[in-house]
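K.L.:
So that we are looking at the same thing, I have put the structure below in structure tokens.
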Amino acid sequence: MRSTQIRSTFLDFFTSRGHRHVPSSPLIPSDPTLLLANAGMNQFKPYFLGEVTPEYPRATTIQKCARTSDIDNVGRTNRHATFFEMMGNFSFGDYFKADAIAYAWELLTQGYNLEKDRLWITVHQDDDEAEQLWRRIGVPAERIQRLGADNFWDMGVPGPCGPSSELNYDRGPAFGREGGPAVDGERYVEIWNLVFMQSMRGADDDNGTFPILGDLARQSIDTGLGLDRLAAILQGVENVCSTDLLLPTLTTVQELAGRDYPGSSSSRGSGNGEEKVSFQVVTEHARSIAYLIADGVLPAKDGRGYVLRRLMRRAIRHARLLGIDHPVLAPATTSVIANLGDVWPELTYQASLIEQVVTAEEESFTRTLTQGTRLLNAAVTRSREARSTTLAGDTAFELHDTYGFPVELTIEAARDAGLTVDEDRFTTLLAEQQKRAKTGGKAKTAEALRRQDAYRELSSRHGRTDFTGYDRLGTEATILGLIADGTVVPGADQGSTLELVLDRSPFYAESGGQVGDTGTIRTTGGALLDVLDTRLGLEGFHVHTVRIREGEIRTGEQAEALVDGPRRDAVARSHSATHVLHAMLRRTLGDHARQHGSLVDAGRLRFDFAHFSAVDPTQLATIQALVNDHLLDDPEVRIWHASRSEAEAAGATALFGEKYGDHVRIVDIGDFSRELCGGTHVPHGSNAGPVRILGEASVGSNLRRIEALTGRDALTYHDTERRLLEELSTLLGTRPHDAPDALRKRLDALTTAQQELARLRETELRTRAQQLAASARTVPGGRIVTEKVTDLGPDELRTLATNTADLLGSEHAIVILGTEHNSKALLAAAITRSLHDTGTQAGRLLTAAARAIGGGAGGKGPIANAGGRNTEALDEALALAAQDATRVLGQ
């Protein structure tokens, strides 16, 4: 059964049983506690928590998931992957254990025709009910095993959790020992996990354990059936790389390597275990890389961007182990797109972006490998010179942490050089770094959790905020809650800064890049509050940060909420301008130049987009002109609503990482921009301009940023530039239009004058050097020049000393000069080549002299210098240097 039929069989089964088919959410989740979408239930978490009322009681999905917790097992087992499609069915307070178990058994044994006697079941050690249900459905007791933590599911962070029951398939004696899943996870492979979502877990303590905080509002079901593992079983192959999901990519890697994958029908037993691992790593990681980039992840030094970079570098390293010394990521990801693009259109849509990102990253990492190899070779040489058989763990960690050089390569190169790596020290340093990151993350998580608990408490009592701000800037409202330091409080006094929740609000909550509204709230009791910011505490739940300017407030009071209108108008201008800028960037640079983040503020905007080189000034000018031309045409800004599928069919652009419901808001600007957007906008394009682009810069690998001003701020900036030009013109004595040419002529004249001055200065220094050389006095062993000079900086002093020594020819001679410059005493010493050839270093001559002027000496070979603040001791320093010079020549 091919993967397309596996998917359709699953979806048909559950939709025919009343489940709503919900599309996969992006790999970039809207949940701030998650780095990447790692389970089918992620997008339904608000339903399980009771934060949002579900639009449907049961759902089914095929969710894109990324997990790297088991990255080191990829290729070493048949069941681990960093990307997979999780087929799931969900109940939100509808059915529970009995139906979930019955559905799973029916689909596996009838829909997929798996042999009943090869299915093994595990349940949680305390879940008597689940075991009885399985026995009632016909599974014999000897094929049901009770396990502990392995059969309790949670997200790894505070949230919904509960006992689980897993369905495992016996792949036969060739894959391992008898005894069921408790004995061998390779032979008895887990394919479907049924989670009985009934509890809420808290945060980990210092020992890594967590408390159960209580029951969820509704008992619910969350299941996950891995497409990869089921496909391997149904297609009779060893692992996912040999299924139709990845076989075309594995074939591409074989072609690049120039040999067959060990274990393939044509390999005839060639190759070894490590080679097999490398084939699978490159193949499997190529799929993860393609999906991550398609969903908006770009390589970076931290966060999800680091996850992507690590996958890419790991794939490249294993490709090199296979002897592939030419680009591998571009052809490998291209094969992923060709194979899976029909099922996941975002792969095809972002094909150009994927190719450019992986190509740039592979080129960059190739340079990293070259640089790391050079540094590693130097470290190996140092170890050998020190007669050590060990390469320091600190060196391995520096290569890993600073240069991104894989520790595996360090160990391998050290082994080739006859050295071992202090892996214990490396592990210690890595653990310390991870602990520091985890400690900082825990503190932030704990604070966020306190606030989230307060938001949930108020949301469960009062529901979503009624946002009225699209239609009017003011409204009457009731204060539903006050939150101080993450705790719900009954009231607050003048001078306090805290968070406030209203039943209805005209204040736009920060989202989609648009900043939150500010303004005022006045209560019927006479208190006056400044609204400093507005955010979404939970989905659809507005939280206002306020400072009490006058009076005191209490929960339950009536109030008048008023948005700062001029600021809101300025923000709306920036938001509409951002949409037009987005459209013009894609028109000018290519469709890959899509939004990857933005800041929409009053009078200014910041726009991040995918691109792989700097946007040159000519292109920026073209983009700015296009934006302003389209705004001057005064296109209508039209806002309409539709289902998500209708909006996508109409060509609406959805932004990476943004979460959208089944019904969406669409913003059209003329006939050239159509985006899903919940922000505020001007009614016509001419209201948004003008737009003035200030510049663009890199903000990460393959990511550029444009900053611009809009409306009055753009005009003010223009006026400022105009005044500066007029002032410059006045200084140059010309008209503004002629100022550039006039300035260019002045600069050319200045350059000519500076060159002439330098030539004259050079002539003067040569003359002074001749005079100094002529004044050299003879001492035993050679000649000495000691002189205090004036009007010289440090570079000229060194030049004069060197020129003088050169003029003294082949004799043993020493030149020592001193001067005062910028309230410092400076010294320079130069020796002739014949004296330097004897092993003499110029620095020896200034040691005592440098101490006299309160400084130190520096320099190697035939020239040295010194400096200090004690200018009064300059004569004494010259005398000390002359004594040392006489002693050196007399030796």
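Just so we're on the same page: first chain in the structure tokens is A, next is B, and so on; residues restart at 1 for each chain, and ligands are numbered from 1 in the order they show up.
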With a distance cut-off of 10 Å and only C-alpha atoms, select the neighbouring residues of range 174-179 of chain A, excluding the residue or stretch itself and same-chain residues fewer than 3 positions from it, and output the selection as a ChimeraX atom specification.

P.N.:
/A:78,142-143,145,170-171,182-189,238

K.L.:
Would you write out those residues with C-alpha atoms, as a PDB file, in the first residue's frame?

P.N.:
```
ATOM      1  CA  ASN A  78      14.763   1.360  11.929  1.00  0.00           C
ATOM      2  CA  GLU A 142      -0.368 -12.542  26.941  1.00  0.00           C
ATOM      3  CA  ARG A 143      -0.116  -9.870  24.223  1.00  0.00           C
ATOM      4  CA  GLN A 145       1.912  -5.572  28.645  1.00  0.00           C
ATOM      5  CA  ASP A 170       5.701  -7.792  15.615  1.00  0.00           C
ATOM      6  CA  ARG A 171       8.026  -7.638  12.603  1.00  0.00           C
ATOM      7  CA  ALA A 182       8.811  -4.479  26.793  1.00  0.00           C
ATOM      8  CA  VAL A 183      11.770  -6.564  25.582  1.00  0.00           C
ATOM      9  CA  ASP A 184      12.623  -5.321  22.062  1.00  0.00           C
ATOM     10  CA  GLY A 185      11.433  -2.074  20.466  1.00  0.00           C
ATOM     11  CA  GLU A 186      13.064  -2.884  17.130  1.00  0.00           C
ATOM     12  CA  ARG A 187      11.149  -6.105  16.605  1.00  0.00           C
ATOM     13  CA  TYR A 188       7.890  -4.979  18.236  1.00  0.00           C
ATOM     14  CA  VAL A 189       7.695  -1.524  16.708  1.00  0.00           C
ATOM     15  CA  GLU A 238      13.297  -2.528   6.651  1.00  0.00           C
TER      16      GLU A 238
END
```

K.L.:
What lies within 12 Å of range 340-351 of chain A using only C-alpha atoms, ignoring chain neighbours under 4 positions off, as a VMD selection string?

P.N.:
chain A and resid 3 to 5 7 to 8 23 to 27 62 to 64 85 244 to 249 287 to 297 330 to 331 333 to 336 355 to 358 590 to 594 610 648 653 to 654 656

K.L.:
Put those residues in a file: C-alpha atoms, as a compact mmCIF listing (two decimals), in the first residue's frame.

P.N.:
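After the write, selection.txt holds the following:
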```
# COMPACT_ATOMS: atom_id res chain seq x y z
CA SER A 3 1.73 6.20 1.27
CA THR A 4 -0.97 8.15 -0.60
CA GLN A 5 -3.40 5.28 -0.04
CA ARG A 7 -3.20 8.62 4.15
CA SER A 8 -6.51 8.49 2.31
CA PRO A 23 -5.21 20.61 7.78
CA SER A 24 -1.76 20.26 9.30
CA SER A 25 -0.50 23.33 11.13
CA PRO A 26 2.93 24.71 10.11
CA LEU A 27 6.08 23.34 11.73
CA ILE A 62 -2.13 14.37 9.18
CA GLN A 63 0.31 16.62 11.00
CA LYS A 64 3.84 17.52 9.96
CA GLU A 85 3.78 12.65 9.32
CA ASP A 244 8.03 5.24 -1.22
CA LEU A 245 8.24 8.26 1.11
CA LEU A 246 12.04 8.44 0.82
CA LEU A 247 13.25 5.83 -1.67
CA PRO A 248 13.65 8.41 -4.50
CA THR A 249 15.85 10.50 -2.22
CA ARG A 287 13.35 15.52 4.03
CA SER A 288 13.39 17.38 7.37
CA ILE A 289 15.41 20.20 5.86
CA ALA A 290 13.02 20.66 2.93
CA TYR A 291 9.92 20.78 5.15
CA LEU A 292 11.46 23.14 7.72
CA ILE A 293 12.53 25.67 5.09
CA ALA A 294 9.19 25.39 3.30
CA ASP A 295 7.47 26.33 6.56
CA GLY A 296 9.67 29.36 7.13
CA VAL A 297 12.63 28.14 9.20
CA ALA A 330 20.35 20.71 -3.26
CA PRO A 331 19.88 17.49 -5.28
CA THR A 333 16.02 18.14 -1.24
CA THR A 334 15.00 18.50 -4.89
CA SER A 335 14.19 14.78 -4.91
CA VAL A 336 12.09 15.24 -1.74
CA GLU A 355 17.44 25.27 -3.17
CA GLN A 356 18.98 28.66 -2.46
CA VAL A 357 19.05 28.18 1.32
CA VAL A 358 20.66 24.73 1.23
CA GLY A 590 11.43 36.93 -6.95
CA ASP A 591 8.65 35.03 -5.25
CA HIS A 592 11.05 33.61 -2.66
CA ALA A 593 11.34 37.09 -1.06
CA ARG A 594 8.52 36.36 1.36
CA ALA A 610 14.17 35.67 2.58
CA GLU A 648 -6.16 30.22 -0.44
CA THR A 653 -0.85 34.97 0.99
CA ALA A 654 -0.57 33.37 4.43
CA PHE A 656 4.95 31.92 7.88
```

K.L.:
Excluding same-chain residues fewer than 6 positions from His582 in chain A, what lies within 12 Å of it counting only C-alpha atoms, as an mmCIF file with N, CA and C atoms, in the first residue's frame?

P.N.:
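Result written to selection_1.cif:
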```cif
data_model
loop_
_atom_site.group_PDB
_atom_site.id
_atom_site.type_symbol
_atom_site.label_atom_id
_atom_site.label_comp_id
_atom_site.auth_asym_id
_atom_site.auth_seq_id
_atom_site.Cartn_x
_atom_site.Cartn_y
_atom_site.Cartn_z
ATOM 1 N N HIS A 575 1.053 49.606 8.365
ATOM 2 C CA HIS A 575 0.646 48.228 8.054
ATOM 3 C C HIS A 575 0.267 48.090 6.581
ATOM 4 N N SER A 576 -0.506 49.022 6.069
ATOM 5 C CA SER A 576 -0.858 48.964 4.653
ATOM 6 C C SER A 576 0.388 49.096 3.784
ATOM 7 N N THR A 588 10.065 42.345 -7.551
ATOM 8 C CA THR A 588 11.400 42.772 -7.971
ATOM 9 C C THR A 588 12.461 41.693 -7.793
ATOM 10 N N LEU A 589 12.434 40.995 -6.646
ATOM 11 C CA LEU A 589 13.499 40.047 -6.312
ATOM 12 C C LEU A 589 13.143 38.606 -6.634
ATOM 13 N N GLY A 590 11.858 38.305 -6.721
ATOM 14 C CA GLY A 590 11.433 36.933 -6.945
ATOM 15 C C GLY A 590 10.460 36.496 -5.864
ATOM 16 N N ASP A 591 9.708 35.445 -6.164
ATOM 17 C CA ASP A 591 8.649 35.025 -5.253
ATOM 18 C C ASP A 591 9.191 34.478 -3.939
ATOM 19 N N HIS A 592 10.478 34.115 -3.904
ATOM 20 C CA HIS A 592 11.047 33.612 -2.659
ATOM 21 C C HIS A 592 11.162 34.699 -1.592
ATOM 22 N N ALA A 593 11.122 35.976 -1.998
ATOM 23 C CA ALA A 593 11.341 37.095 -1.055
ATOM 24 C C ALA A 593 10.088 37.329 -0.221
ATOM 25 N N ARG A 594 9.742 36.306 0.562
ATOM 26 C CA ARG A 594 8.525 36.358 1.362
ATOM 27 C C ARG A 594 8.820 36.795 2.786
ATOM 28 N N GLN A 595 7.786 37.284 3.414
ATOM 29 C CA GLN A 595 7.915 37.838 4.762
ATOM 30 C C GLN A 595 8.303 36.759 5.762
ATOM 31 N N HIS A 596 9.282 37.097 6.610
ATOM 32 C CA HIS A 596 9.704 36.220 7.700
ATOM 33 C C HIS A 596 9.709 36.967 9.019
ATOM 34 N N GLY A 597 8.882 37.954 9.132
ATOM 35 C CA GLY A 597 8.806 38.736 10.360
ATOM 36 C C GLY A 597 8.687 40.205 10.029
ATOM 37 N N SER A 598 8.022 40.924 10.917
ATOM 38 C CA SER A 598 7.873 42.350 10.672
ATOM 39 C C SER A 598 7.590 43.074 11.977
ATOM 40 N N LEU A 605 8.315 51.034 9.898
ATOM 41 C CA LEU A 605 8.134 49.602 9.748
ATOM 42 C C LEU A 605 9.492 48.932 9.591
ATOM 43 N N ARG A 606 9.503 47.671 9.962
ATOM 44 C CA ARG A 606 10.691 46.823 9.775
ATOM 45 C C ARG A 606 10.196 45.545 9.135
ATOM 46 N N PHE A 607 10.862 45.119 8.080
ATOM 47 C CA PHE A 607 10.349 43.994 7.297
ATOM 48 C C PHE A 607 11.484 43.017 7.008
ATOM 49 N N ASP A 608 11.350 41.768 7.503
ATOM 50 C CA ASP A 608 12.343 40.724 7.268
ATOM 51 C C ASP A 608 11.848 39.795 6.166
ATOM 52 N N PHE A 609 12.740 39.432 5.265
ATOM 53 C CA PHE A 609 12.341 38.598 4.134
ATOM 54 C C PHE A 609 13.499 37.709 3.706
ATOM 55 N N ALA A 610 13.160 36.612 3.042
ATOM 56 C CA ALA A 610 14.167 35.667 2.576
ATOM 57 C C ALA A 610 14.850 36.208 1.320
ATOM 58 N N ILE A 623 12.405 49.538 -5.776
ATOM 59 C CA ILE A 623 11.353 49.033 -4.886
ATOM 60 C C ILE A 623 10.611 50.193 -4.232
ATOM 61 N N GLN A 624 11.365 51.191 -3.752
ATOM 62 C CA GLN A 624 10.729 52.349 -3.125
ATOM 63 C C GLN A 624 9.826 53.081 -4.119
ATOM 64 N N LEU A 626 8.341 51.821 -6.780
ATOM 65 C CA LEU A 626 7.167 50.997 -7.052
ATOM 66 C C LEU A 626 6.138 51.105 -5.928
ATOM 67 N N VAL A 627 6.619 51.069 -4.679
ATOM 68 C CA VAL A 627 5.715 51.173 -3.538
ATOM 69 C C VAL A 627 4.954 52.494 -3.582
ATOM 70 N N THR A 653 -2.119 35.375 0.417
ATOM 71 C CA THR A 653 -0.847 34.969 0.992
ATOM 72 C C THR A 653 -0.999 34.789 2.492
ATOM 73 N N LEU A 655 1.098 34.127 6.020
ATOM 74 C CA LEU A 655 2.455 34.398 6.481
ATOM 75 C C LEU A 655 2.991 33.237 7.301
ATOM 76 N N ILE A 669 -5.281 45.075 -1.305
ATOM 77 C CA ILE A 669 -4.898 46.440 -1.660
ATOM 78 C C ILE A 669 -4.774 46.470 -3.177
ATOM 79 N N PHE A 672 -3.020 43.989 -6.556
ATOM 80 C CA PHE A 672 -1.646 43.480 -6.518
ATOM 81 C C PHE A 672 -1.234 42.911 -5.161
ATOM 82 N N SER A 673 -2.072 43.059 -4.141
ATOM 83 C CA SER A 673 -1.734 42.530 -2.820
ATOM 84 C C SER A 673 -2.968 41.910 -2.191
ATOM 85 N N ARG A 674 -2.841 40.657 -1.772
ATOM 86 C CA ARG A 674 -3.932 39.966 -1.083
ATOM 87 C C ARG A 674 -3.316 39.076 -0.005
ATOM 88 N N GLU A 675 -3.551 39.437 1.260
ATOM 89 C CA GLU A 675 -2.951 38.700 2.367
ATOM 90 C C GLU A 675 -3.998 38.398 3.433
ATOM 91 N N ARG A 705 16.728 42.483 6.042
ATOM 92 C CA ARG A 705 15.773 43.356 6.732
ATOM 93 C C ARG A 705 15.774 44.734 6.080
ATOM 94 N N ILE A 706 14.575 45.234 5.784
ATOM 95 C CA ILE A 706 14.393 46.595 5.296
ATOM 96 C C ILE A 706 13.726 47.408 6.400
#
```

K.L.:
Would you mind listing what lies within 9 Å of Thr390 in chain A as a VMD selection string, with only C-alpha atoms counted and same-chain residues fewer than 2 positions away left out?

P.N.:
chain A and resid 380 383 to 384 388 392 to 393 414 418 to 422

K.L.:
Dump C-alpha atoms for the selected residues as a compact mmCIF listing (two decimals), in the first residue's frame?

P.N.:
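Produced file out-v3.txt, reproduced below:
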```txt
# COMPACT_ATOMS: atom_id res chain seq x y z
CA VAL A 380 47.34 18.54 16.82
CA SER A 383 49.94 18.47 21.23
CA ARG A 384 52.70 16.60 19.44
CA SER A 388 51.09 14.72 24.62
CA ALA A 392 42.52 18.97 25.00
CA GLY A 393 38.77 18.82 25.55
CA ALA A 414 42.82 13.17 16.27
CA GLY A 418 47.62 9.08 16.83
CA LEU A 419 45.89 11.16 19.52
CA THR A 420 42.82 10.74 21.67
CA VAL A 421 40.42 13.55 22.58
CA ASP A 422 39.67 14.35 26.20
```

K.L.:
Distance CA of Pro406 in chain A-CA of Glu361 in chain A, one decimal place?

P.N.:
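Going from CA of Pro406 in chain A over to CA of Glu361 in chain A covers 15.3 Å.
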
K.L.:
Find the distance between CA of Ile144 in chain A and CA of Ile121 in chain A and write it in Å to one decimal.

P.N.:
4.7 Å

K.L.:
Restricting the calculation to only C-alpha atoms, which member of A:Gly148, A:Gly491, A:Gly303, A:Gly513 is positioned closest to Ile548 in chain A?

P.N.:
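Ranked by minimum distance to Ile548 in chain A, first place goes to A:Gly491.
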
K.L.:
Show me, as a list in words, the residues that have an atom within 10 Å of Asp72 in chain A when counting only C-alpha atoms, minus same-chain residues fewer than 5 positions from it.

P.N.:
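Contacts, in chain order: Thr77, His80, Ala81, Thr82, Val281 and Arg314 of chain A.
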
K.L.:
For Asn865 in chain A, work out the shell of residues within 8 Å, counting only C-alpha atoms and skipping chain neighbours fewer than 3 positions away, then give it as a VMD selection string.

P.N.:
chain A and resid 798 826 to 829 843 846 857 to 859

K.L.:
May I ask which of the residues A:Ser613, A:Ala217, A:Gln754, A:Leu321 is the closest one to Ser460 in chain A, counting only C-alpha atoms?

P.N.:
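With only C-alpha atoms as the atom set, the closest residue is A:Ala217.
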
K.L.:
Name the residues of range 520-613 of chain A that come out as strand (DSSP E) in a backbone DSSP run; write them as a ChimeraX atom specification.

P.N.:
/A:520-523,528-538,541-550,553-554,558-563,595-601,604-610

K.L.:
I want to know what sits within 10 Å of range 771-780 of chain A, based on only C-alpha atoms, with residues of the same chain fewer than 6 positions away left out; could you give that as number ranges by chain?

P.N.:
A: 765, 786-787, 800-801, 803-809, 813-815, 817, 885-891

K.L.:
Would you please work out which residue, of A:Ala102, A:Leu107, A:Ala130, A:Val52, is nearest to Arg464 in chain A when using only C-alpha atoms?

P.N.:
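For Arg464 in chain A, the nearest of the given residues is A:Val52.
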
K.L.:
Please determine, counting only C-alpha atoms, which residue among A:Glu51, A:Gly839, A:Pro690, A:Ile483 has the shortest atom-to-atom distance to Gly463 in chain A.

P.N.:
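Comparing A:Glu51, A:Gly839, A:Pro690, A:Ile483 against Gly463 in chain A, the winner is A:Glu51.
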
K.L.:
As an exercise, work out the distance from CA of Pro862 in chain A to CA of Leu792 in chain A in Å and give it to one decimal place.

P.N.:
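Straight-line distance from CA of Pro862 in chain A to CA of Leu792 in chain A works out to 20.3 Å.
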
K.L.:
What residues in range 67-117 of chain A get the DSSP label helix (DSSP H, G or I)? Please answer as a PyMOL selection string.

P.N.:
chain A and resi 71-73+97-111+116-117
